[in-house]
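Input: a single structure, listed below in structure tokens.
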Amino acid sequence: MLTIDHLTLQLPYYAHGHASWWKRRWATCLDDLTLQISAGEVHAVVGASGAGKSLLAYAIMGLLPPAARLSGQLNYQEKPLDAVRQRQLRGRELALIPQSLSALDPLVRTHRQVTWAAQRAGQPSTGARHAAQRALDHYQLDTQAQQAYAHELSGGMARRVLTAMAHVSQAQLVIADEPTVGLDPHQRQRVLDALRGLADQGKTVILITHDLRHALPVADRVTIMRDGKQVETALACAFQDDGTSLNHGYSQALWLALPDNAFTTATISKDKQGVSVA
Ligand SMILES: Nc1ncnc2c1ncn2[C@@H]1O[C@H](COP(=O)(O)OP(=O)(O)OP(=O)(O)O)[C@@H](O)[C@H]1O
Ligand code: NI
């Protein structure tokens with residue numbers, strides 16, 4: 001449903017040159033990414049801060065800064081996903097749950113904001129209001145939160161509002177950029193389960209997170225990113241035991257660094273040294 005073929009992104013930055021001139025240079029922020037993302041799948045994109053995860057989301061949505069230099073090819077539903085099509089589909093077939101909470105309109109109360117998201121996706125106003133109400137209830141935003149302005153919401157509430165907005169858009173492709181930051185374990189599980197639910201309805205979900213542990217239980221596939229590069233794309237089930245089904249040392253290291261795997265790691269290294277673990 002979405003293919004990303006040799007996608008490379010460069011962004012300008014200004015470096016001090018001779019004398020007092022500022023010279024424009026180009027930073028390669030995404031380096032030759034090739035991915036195929038199928039309908040019905042949760043595809044997790046995992047990597048440390050600065051790996052390029054959000055820029056990948058912006059590239060797919062067509063929300064990159066105007067100066068960006070992009071090469072490679074994006075295809076959505078077998079057709080090129082160019083700027084015109086991105087504009088047509090954004091907020092309808094393509095939805096982004098943005099990482100930044102400033103995406104909320106500061107002048108509009110929560111309920112109205114979610115209703116607008118439903119209307120923009122083509123629902124008539126009564127239907128949109130009802131859809132908004134259901135989504136707000138689902139993400140446990142109470143009457144007070146529904147009537148609040150963005151600055152009156154906690155970080156976790158604001159994030160759930162953004163998630164509710166993507167939910168009512170009924171998009172075919174949902175990109176969730178760090179949707180669980182600031183949520184308590186119970187809320188986090190609700191959001192992750194809801195994303196899994198969208199995929200189970202045949203939609204496509206890209207789940208961006210720095211936390212492999214939260215992604216694995218709901219993901220079908222995982223792409224590990226580092227410094228703008230795609231380290232590896234693997235089935236979620238390849239992250240198991242001592243990580244030897246993974247191809248790359250960095251993916252293995254991420255897997256073995258998870259708290260629950262600490263024991264396994266210790267056992268393996270002892271085994272390798274020939275020490276018995278009685
Ligand atoms: N508008 C921009 N102009 C120039 N460089 C940028 C711009 N946006 C991001 N970058 C750089 O691109 C790199 C990747 O940024 P990106 O926001 O995609 O990382 P990320 O993986 O989403 O990190 P995080 O987990 O912190 O959200 C970073 O080094 C960042 O400084
Ligand atoms: Ni990000």
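Simple scheme: letters A, B, ... for chains in structure tokens order, numbers from 1 for residues in each chain, numbers from 1 for ligands in the order shown.
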Which polymer residues have any atom within 6 Å of an atom of A:Ala219, counting only C-alpha atoms, with same-chain residues fewer than 4 positions away left out, as a PyMOL selection string? chain A and resi 42-44+215
Please produce a file of the residues just selected, as a PDB file, in the first residue's frame, where the atoms kept are C-alpha atoms.
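Saved file result.pdb follows:
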```pdb
ATOM      1  CA  VAL A  42       1.616  -2.093  12.119  1.00  0.00           C
ATOM      2  CA  HIS A  43       5.082  -1.125  10.947  1.00  0.00           C
ATOM      3  CA  ALA A  44       7.170   0.224  13.805  1.00  0.00           C
ATOM      4  CA  ALA A 215       6.397  -1.368  19.790  1.00  0.00           C
TER       5      ALA A 215
END
```
Could you pull the residues within 8 Å of A:Met225, counting only C-alpha atoms, minus those fewer than 5 positions along the same chain, as a list in words?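 Neighbouring residues, sequence-local ones excluded: Val45, Val46, Gly47, Ala48, Ala51, Gly52, Lys53, Gln230, Val231 and Glu232 of chain A.
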Enumerate the residues of stretch 154-245 of chain A with a DSSP assignment of helix (DSSP H, G or I), computed from the backbone, and present them as JSON, numbers by chain. {"A": [155, 156, 157, 158, 159, 160, 161, 162, 163, 164, 165, 166, 167, 168, 185, 186, 187, 188, 189, 190, 191, 192, 193, 194, 195, 196, 197, 198, 199, 200, 212, 213, 214, 215, 236, 237, 238]}
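Residues lying within 10 Å of A:Ser38, counting only C-alpha atoms and ignoring same-chain neighbours fewer than 4 positions away, are Met1, Leu2, Thr3, Val42, His43, Gln77, Leu173, Ala199, Gly202, Lys203, Thr204 and Val205 of chain A.
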Writing out the chosen residues with C-alpha atoms as an mmCIF file, in the first residue's frame:
```
data_model
loop_
_atom_site.group_PDB
_atom_site.id
_atom_site.type_symbol
_atom_site.label_atom_id
_atom_site.label_comp_id
_atom_site.auth_asym_id
_atom_site.auth_seq_id
_atom_site.Cartn_x
_atom_site.Cartn_y
_atom_site.Cartn_z
ATOM 1 C CA MET A 1 0.000 0.000 0.000
ATOM 2 C CA LEU A 2 2.949 2.323 0.692
ATOM 3 C CA THR A 3 6.352 1.836 -0.853
ATOM 4 C CA VAL A 42 1.616 -2.093 12.119
ATOM 5 C CA HIS A 43 5.082 -1.125 10.947
ATOM 6 C CA GLN A 77 -1.862 2.489 -3.545
ATOM 7 C CA LEU A 173 -2.705 5.162 6.556
ATOM 8 C CA ALA A 199 -4.425 -2.436 11.384
ATOM 9 C CA GLY A 202 -7.180 -3.498 7.217
ATOM 10 C CA LYS A 203 -5.664 -0.062 7.673
ATOM 11 C CA THR A 204 -1.975 0.660 7.708
ATOM 12 C CA VAL A 205 -0.181 2.003 10.749
#
```
When the cut-off is 10 Å and you count only C-alpha atoms and all ligand atoms, which residues lie near ligand 2, shown as a ChimeraX atom specification? /A:47-58,98-100,177-178,208-210
Between A:Ala68, A:Val108, A:Ala95, A:Leu207, which has the minimum distance to ligand 1 (counting only C-alpha atoms and all ligand atoms)?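 Selected residue with least distance to ligand 1: A:Ala68.
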What are the DSSP strand (DSSP E) residues of stretch 21-175 of chain A, as a VMD selection string? chain A and resid 22 to 37 42 to 47 69 to 76 79 to 80 94 to 97 173 to 175
May I have the residues within 12 Å of A:Phe239 as an NGL selection string, using only C-alpha atoms and disregarding those fewer than 2 positions away in the same chain? :A and (212-213 or 215-217 or 219-224 or 232-237 or 241-248 or 251-258 or 261)
Which is closer to A:Pro65 than all the others in A:Pro124, A:Lys229, A:Leu11, A:Trp26, using only C-alpha atoms? A:Leu11
In Å to one decimal, how far is atom CA of A:His186 from atom CA of A:Asp142? 15.9 Å
Identify which of the residues A:His167, A:Arg109, A:Arg24, A:His18 lies closest to A:Arg134, counting only C-alpha atoms when measuring atom-to-atom distances. A:His167
Quick one: residues within 10 Å of stretch 80-83 of chain A, only C-alpha atoms, excluding same-chain residues fewer than 3 positions away - as number ranges by chain? A: 2-4, 59-63, 73-77, 86-89
With C-alpha atoms kept, could you save the residues just selected as a PDB file, in the first residue's frame?
```pdb
ATOM      1  CA  LEU A   2       2.949   2.323   0.692  1.00  0.00           C
ATOM      2  CA  THR A   3       6.352   1.836  -0.853  1.00  0.00           C
ATOM      3  CA  ILE A   4       9.364   3.957  -0.153  1.00  0.00           C
ATOM      4  CA  ALA A  59       8.308  13.151   3.948  1.00  0.00           C
ATOM      5  CA  ILE A  60       5.378  10.730   3.581  1.00  0.00           C
ATOM      6  CA  MET A  61       2.807  13.376   4.566  1.00  0.00           C
ATOM      7  CA  GLY A  62       4.366  16.083   2.376  1.00  0.00           C
ATOM      8  CA  LEU A  63       5.107  18.330   5.338  1.00  0.00           C
ATOM      9  CA  GLN A  73      10.176   7.543  -4.933  1.00  0.00           C
ATOM     10  CA  LEU A  74       7.054   7.264  -2.788  1.00  0.00           C
ATOM     11  CA  ASN A  75       4.102   5.196  -3.991  1.00  0.00           C
ATOM     12  CA  TYR A  76       0.740   4.964  -2.291  1.00  0.00           C
ATOM     13  CA  GLN A  77      -1.862   2.489  -3.545  1.00  0.00           C
ATOM     14  CA  GLN A  86      -0.253  14.391  -0.553  1.00  0.00           C
ATOM     15  CA  ARG A  87      -2.261  17.602  -0.226  1.00  0.00           C
ATOM     16  CA  GLN A  88      -5.434  15.870  -1.452  1.00  0.00           C
ATOM     17  CA  LEU A  89      -5.073  12.880   0.861  1.00  0.00           C
TER      18      LEU A  89
END
```
Have a look at A:Arg25, A:Lys79, A:Arg129, A:His6 and name the one nearest to ligand 1; count only C-alpha atoms and all ligand atoms.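 With only C-alpha atoms and all ligand atoms as the atom set, the closest residue is A:Arg25.
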Nearest residue to ligand 1 from the set A:His138, A:Arg69, A:Arg159, A:His16 (distances using only C-alpha atoms and all ligand atoms):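 Of A:His138, A:Arg69, A:Arg159, A:His16, the one nearest ligand 1 is A:Arg69, counting only C-alpha atoms and all ligand atoms.
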